[in-house]
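Data first, discussion second: the structure below is written as structure tokens.
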Amino acid sequence: MGDPKNPLLSKDGDITIGTLISIHSKETLSSSEFTEKPQLICSSLNIQDLRLAQIMIFAIDEINRSGNLLPNVSIGYKIFDTCGSGLSSMSATMAVMNGQEFAAGDRCNGQPPIHAIIGESESSATVILSRTTGPFKIPVISHSATCECLSNRRDYPSFFRTIASDYHQSRALAYIVKHFGWTWVGAVNSDNDYGNNGMATFLNTAQEEGICVEYSVKFYRTEHEKLQKVVNIIKQSTAKVIVAFLASFEMNNLLEQLYIQNITGIQMIGVEAWITAKSLITPKSFQVLGGSLGFALRKNKIEGFLDYVIKEFWETAFPCLQRDGNSSQNVEICRRYQDLFVLKNTIEDVPEQRYTSNVYKAVYAVAYALHSLLKCKEQEGCEKGLTIQPQQVVEALKKVNFPVKFGDHVWFDSTGATVAQYEVVNWQQDSDGSIQFKAVGYYDASLPPDQRFVLNTENIIWAGGQLKKQRSVCSESCPPGTRKAAQKGRPVCCYDCITCADGEISNETDSNNCQQCPGEYWSNTDNTECVLKVVEFLSFTEVMGIVLVFFSLFGVGISVLVAILFYSKKDTPIVKANNSELSFLLLFSLTLCFLCSLTFIGRPTRWSCILRHTAFGIAFVLCISCVLGKTIVVLMAFKATLPGSNVMKWFGPEQQRLSVFAFTLIQVLICVLWLTISPPFPYKNIKYYKEKIIFECSLGSSIGFSAVLGYIGLLALLCFILAFLARTLPDNFNEAKFITFSMLIFCAVWITFIPAYVSSPGKFTVAVEIFAILASSFSLLFCIFAPKCYIILFKPEQNTKKHLMGKNTN
């Protein structure tokens with residue numbers, strides 16, 4: 001579709017460097033009517049790539065004038081304009097590799113037509129260039145192709161770049177998003193090698209850093225329908241931050257649509273391809289892009305370049321301007337450069353160019369590689385007769401390591417790239433309304449990990465020119481005391497805050513799990529910390545303890561008063577009847593029963609746990625033994641009144657004392673055995689209640705406790721049976737009736753005690769046991785002694801032997 005591609009700018013030399021850049025950004029066909037051969041016409045001057053051509057020529061002229069680098073070797077150049085077109089790019093690639101056509105008689109001198117190629121600007125075009133030149137081992141050095149895909153040395157063994165791979169920039173984008181606490185973002189990228197590879201790395205890093213992406217969409221510069229879909233997705237989304245991995249052309253298209261649909265207030269995070277692009281600065285762009293943050297290449301001031309652009313470039317690169325003679329001939333020669341001359345006096349953009357230093361480094365890298373291959377020496381010069389093959393240049397480039405005059409040090413890593421160094425820039429508006437790219441931080445991959453990323457947040461202007469940072473989260477942070485619960489079917493950043501269960505805490509924001517408190521701890525009301533559980537036991541200071549102590553002491557007092565009364569009336573018949581010695585012993589045992597209930601109150605200790613059960617068991621057996629003895633005395637007494645009966649001699653006072661001692665000794669032995677094998681001990685029960693500790697006395701051996709209770713129950717049952725049998729014996733004061741009633745109450749109390757004891761929680765278990773002790777003790781005290789006290793105090797006339805024997809007449 002046309003004649004062989006010719007360089008836009010060229011110069012002969014001993015060594016030739018080719019360059020492919022888009023000095024024009026649009027390409028059109030001159031005719032589509034099929035009446036003449038169509039011509040490809042380039043238009044839309046790209047000032048940024050023109051500066052790249054200028055800096056390349058500047059660097060080559062600087063080296064040619066230098067006496068230290070390639071002292072007697074001249075470097076030439078061929079600069080091809082690809083016009084932003086893949087077709088022209090391929091034509092230019094073939095032209096730069098093949099060189100000019102030679103006549104049939106010419107011979108190949110063995111020298112390659114090109115020693116290195118600098119270009120292209122975009123990653124996709126560079127991929128095409130590198131794949132085409134790869135089989136010929138021609139080194140390609142790009143100044144701005146950042147696609148991570150180009151780091152693959154198997155596919156691109158002869159590719160180098162004076163810019164870092166997007167791997168670093170993509171990861172840094174995730175770091176800046178995380179730094180500002182944005183966990184809910186949108187992602188837009190160019191649908192090409194540059195955008196797709198860069199976005200893939202960002203998405204992986206974002207996932208590692210806990211950042212959720214609400215949507216990830218892409219479009220190419222010519223896909224207007226896709227662009228509309230992207231804008232609609234942005235409009236409907238809830239994310240307030242967008243990571244835009246776009247080339248400047250796509251960003252310009254997106255900016256235009258966002259402005260038309262009045263989509264503002266979104267925090268844009270950009271990449272080096274557009275964040276400092278002057279083409280995006282329009283009177284209306286700040287409304288959409290104001291406050292944008294992104295990574296940009298560092299600006300380097302190259303000494304002498306500004307003066308060169310003003311005058312010397314136009315004189316050296318365009319000889320037609322200096323020709324003498326026919327002016328019409330000069331016009332014809334310079335016609336193809338006519339649109340470039342418009343920029344002859346435009347220089348205000350030169351200090352803002354960020355890629356020019358990369359082209360400068362690329363030219364010097366080739367020069368240093370050739371310097372070593374040609375065995376150049378400062379005094380003797382270079383061996384110009386040596387044949388240099390492109391493969392040799394590739395190997396030499398891997399070893400270059402040199403400083404440049406603006407302070408950087410140039411070397412290539414194992415992937416053919418240089419170290420990642422970026423400025424973090426912020427779109428800000430000055431008082432005069434002009435838009436400035438203010439540096440607010442940096443990212444330097446050559447530094448230790450904890451020093452690579454630095455931001456000065458105080459100087460940042462946020463989306464829409466606001467001073468307050470945007471919040472962009474799917475769900476608000478969960479406060480301490482709660483945990484995150486993922487919402488089904490949504491990203492992990494979308495969650496509900498669930499309050500920790502009782503006994504669990506979370507003491508940090510956005511906790512994924514609640515932590516279980518240790519055994520003796522429980523969560524506070526806010527579930528933010530574990531506090532010691534309340535230790536519960538029946539104390540002397542609480543109402544229930546005070547009431548039980550009162551009745552216990554009341555019982556002791558009544559028992560003592562009854563004993564005093566009986567002692568004062570010890571010679572009366574009613575006291576002497578039925579063995580007064582047993583009556584006093586019974587009152588003493590009842591006093592012990594009332595007192596042993598006090599051992600159940602208060603903080604359990606080792607000795608109180610041992611004492612409470614053993615004292616209770618022995619005291620009650622002593623009490624029941626006395627009652628049993630009195631019951632047997634009643635039976636024996638009536639048997640003795642029968643003619644010829646001599647039974648009383650077998651159960652006299654001595655036998656009564658012995659029986660009480662024997663019954664009590666058995667209980668003592670049971671208790672000793674219990675305490676020897678497995679004694680009771682204080683125990684903190686954390687199983688019954690989750691929120692508090694029950695401090696209680698563990699029985700040690702349930703069998704021992706059951707034996708103690710069982711023995712008391714056996715004696716009580718025996719006593720009840722004997723008293724029941726003696727209830728009908730003729731006597732005005734038959735004590736067996738009262739003993740029967742007291743034993744009935746006693747047995748009823750202890751039978752109901754068992755289920756109540758098992759089912760009562762915590763300190764109420766102890767209270768139930770104390771209540772059973774007091775109730776049974778009071779039943780014995782009142783049922784056996786109340787009738788006697790009544791007669792002594794209020795019916796003294798009945799306190800006679802005749803009345804008791806039933807021999808008085810009415």
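For the structure tokens, the naming scheme is as follows: chains receive sequential letters (A, B, ...) according to their order of presentation, residues are indexed from 1 within each chain, and ligands are indexed from 1 in presentation order.
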Open item on the list: Residues near Phe550 (chain A), anyone? I mean within 12 Å using only C-alpha atoms, not counting same-chain ones fewer than 6 positions away, as an MDAnalysis selection string.
Closed with: chainID A and resid 540:541 543:544 556:557 594:595 597:598 774
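Pairwise distance (CA of Val424 (chain A), CA of Asn262 (chain A)) equals 26.8 Å.
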Open item on the list: Between CA of Tyr77 (chain A) and CA of Lys11 (chain A), what distance in Å does the model show, to one decimal?
Closed with: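 That distance, rounded to one decimal, is 5.2 Å.
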TODO: Write out as a ChimeraX atom specification each polymer residue whose atoms come within 8 Å of Gly18 (chain A), counting only C-alpha atoms; drop sequence neighbours fewer than 6 positions from it.
DONE: /A:77-80,96,114-118
- [ ] From region 572-749 of chain A, collect each residue whose DSSP state is strand (DSSP E) and return the set as a list in words.
- [x] Phe681, Pro682, Tyr683, Lys684, Asn685, Lys692, Ile693, Ile694, Phe695, Glu696, Cys697 and Ser698 of chain A
Task: Expected answer as a ChimeraX atom specification: alpha helix (DSSP H) residues in region 74-318 of chain A - done: /A:86-98,123-133,166-179,193-208,224-236,248-260,286-289,305-307,313-317
- [ ] Considering only C-alpha atoms, return as a list in words whatever protein or nucleic-acid residues lie within 7 Å of region 279-290 of chain A, sequence-local ones (same chain, fewer than 2 positions apart) excluded.
- [x]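 My list of contacting residues is Asn252, Tyr259, Thr264, Met268, Ala277, Ser292, Trp427, Gln428, Ala463, Gly464 and Gly465 of chain A.
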TODO: Pick out the closest residue to Ile574 (chain A) from this set: A:Ala748, A:Ile792, A:Val633, A:Ile666. Count only C-alpha atoms.
DONE: A:Ile792
Open item on the list: Quick one: residues within 12 Å of Lys569 (chain A), only C-alpha atoms, excluding same-chain residues fewer than 2 positions away - as a list of chain:residue names?
Closed with: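 Counting only the stated atoms, we get A:Val562, A:Ala563, A:Ile564, A:Leu565, A:Phe566, A:Tyr567, A:Asp571, A:Thr572, A:Pro573, A:Ile574, A:Val575, A:Lys576, A:Ala577, A:Ser580, A:Lys788, A:Cys789, A:Ile791, A:Ile792, A:Leu793, A:Pro796, A:Asn799.
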Task: Contacts of Ala417 (chain A) within 12 Å, only C-alpha atoms, excl. fewer than 3 positions in-chain, as a PyMOL selection string - done: chain A and resi 140-153+158-168+358+362+397-398+410-414+420-421
How about saving the chosen residues, C-alpha atoms kept, as a compact mmCIF listing (two decimals), in the first residue's frame?
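And here is the file that came out, selection_25.txt:
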```txt
# COMPACT_ATOMS: atom_id res chain seq x y z
CA VAL A 140 15.32 -2.88 21.13
CA ILE A 141 15.43 -0.28 23.90
CA SER A 142 12.11 1.28 24.86
CA HIS A 143 11.79 4.50 26.81
CA SER A 144 8.15 4.06 27.90
CA ALA A 145 6.87 0.51 27.18
CA THR A 146 6.11 -0.73 30.69
CA CYS A 147 4.11 -3.93 30.10
CA GLU A 148 5.25 -6.69 32.46
CA CYS A 149 4.86 -9.12 29.55
CA LEU A 150 8.06 -7.70 28.04
CA SER A 151 10.05 -8.98 31.04
CA ASN A 152 9.85 -12.51 29.64
CA ARG A 153 13.40 -13.11 28.41
CA SER A 158 16.99 -8.75 23.04
CA PHE A 159 14.57 -6.27 24.67
CA PHE A 160 15.67 -3.57 27.11
CA ARG A 161 13.99 -0.51 28.58
CA THR A 162 15.09 2.57 30.46
CA ILE A 163 11.85 2.53 32.42
CA ALA A 164 10.64 0.11 35.08
CA SER A 165 8.19 -2.70 34.44
CA ASP A 166 4.55 -2.11 35.34
CA TYR A 167 4.92 -4.88 37.89
CA HIS A 168 6.20 -2.29 40.36
CA ASN A 358 14.69 7.84 29.32
CA ALA A 362 18.85 4.71 25.98
CA LEU A 397 23.98 -3.88 26.96
CA LYS A 398 23.52 -6.46 29.72
CA VAL A 410 21.93 3.37 34.42
CA TRP A 411 22.05 -0.43 34.46
CA PHE A 412 19.71 -3.19 33.37
CA ASP A 413 18.44 -5.96 35.62
CA SER A 414 17.90 -9.58 34.59
CA ALA A 420 11.46 1.48 39.57
CA GLN A 421 11.44 5.09 40.76
```
List every residue of region 452-505 of chain A that has an atom at most 12 Å from any atom of region 213-216 of chain A, and for each one report the closest atom pair and its distance in Å to one decimal, counting only C-alpha atoms, with rows sorted by chain and then by increasing residue number, as JSON lines.
```
{"residue": "A:Ser472", "atom": "CA", "partner": "A:Glu214", "partner_atom": "CA", "distance": 10.7}
{"residue": "A:Val473", "atom": "CA", "partner": "A:Glu214", "partner_atom": "CA", "distance": 10.1}
{"residue": "A:Cys474", "atom": "CA", "partner": "A:Glu214", "partner_atom": "CA", "distance": 8.6}
{"residue": "A:Arg490", "atom": "CA", "partner": "A:Glu214", "partner_atom": "CA", "distance": 9.3}
{"residue": "A:Pro491", "atom": "CA", "partner": "A:Glu214", "partner_atom": "CA", "distance": 8.0}
{"residue": "A:Val492", "atom": "CA", "partner": "A:Val213", "partner_atom": "CA", "distance": 10.0}
{"residue": "A:Cys493", "atom": "CA", "partner": "A:Val213", "partner_atom": "CA", "distance": 9.0}
{"residue": "A:Cys494", "atom": "CA", "partner": "A:Glu214", "partner_atom": "CA", "distance": 10.0}
```
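Considering the residues A:Val621, A:Ile138, A:Ile694, A:Leu548 and counting only C-alpha atoms, Ala767 (chain A) has its shortest atom-to-atom contact with A:Leu548.
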- [ ] Name the closest residue to Cys83 (chain A) among the candidates A:Asp49, A:Glu542, A:Asp510, A:Glu225; distances are taken between atoms, counting only C-alpha atoms.
- [x]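 Using only C-alpha atoms, Cys83 (chain A) sits closest to A:Asp49.
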Task: Atom-to-atom span, CA of Phe663 (chain A) and CA of Phe554 (chain A), Å - done: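 Interatomic distance here is 28.0 Å.
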Using only C-alpha atoms, which protein or nucleic acid residues come within 8 Å of Arg354 (chain A)? Drop anything in the same chain fewer than 6 positions from it, and give the result as an mmCIF file with N, CA and C atoms, in the first residue's frame.
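And here's selection.cif as it stands now:
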```cif
data_model
loop_
_atom_site.group_PDB
_atom_site.id
_atom_site.type_symbol
_atom_site.label_atom_id
_atom_site.label_comp_id
_atom_site.auth_asym_id
_atom_site.auth_seq_id
_atom_site.Cartn_x
_atom_site.Cartn_y
_atom_site.Cartn_z
ATOM 1 N N LEU A 297 6.820 9.441 36.210
ATOM 2 C CA LEU A 297 8.277 9.400 36.157
ATOM 3 C C LEU A 297 8.835 10.696 36.733
ATOM 4 N N ARG A 298 10.005 10.581 37.304
ATOM 5 C CA ARG A 298 10.640 11.781 37.859
ATOM 6 C C ARG A 298 11.097 12.723 36.745
ATOM 7 N N LYS A 299 10.955 13.990 37.001
ATOM 8 C CA LYS A 299 11.449 14.981 36.046
ATOM 9 C C LYS A 299 12.951 15.178 36.261
ATOM 10 N N ASN A 300 13.702 15.115 35.146
ATOM 11 C CA ASN A 300 15.143 15.338 35.218
ATOM 12 C C ASN A 300 15.511 16.477 34.265
#
```
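Minimum distance to Glu312 (chain A) across A:Val534, A:Asn68, A:Ile693, A:Lys344 (counting only C-alpha atoms) occurs at A:Lys344.
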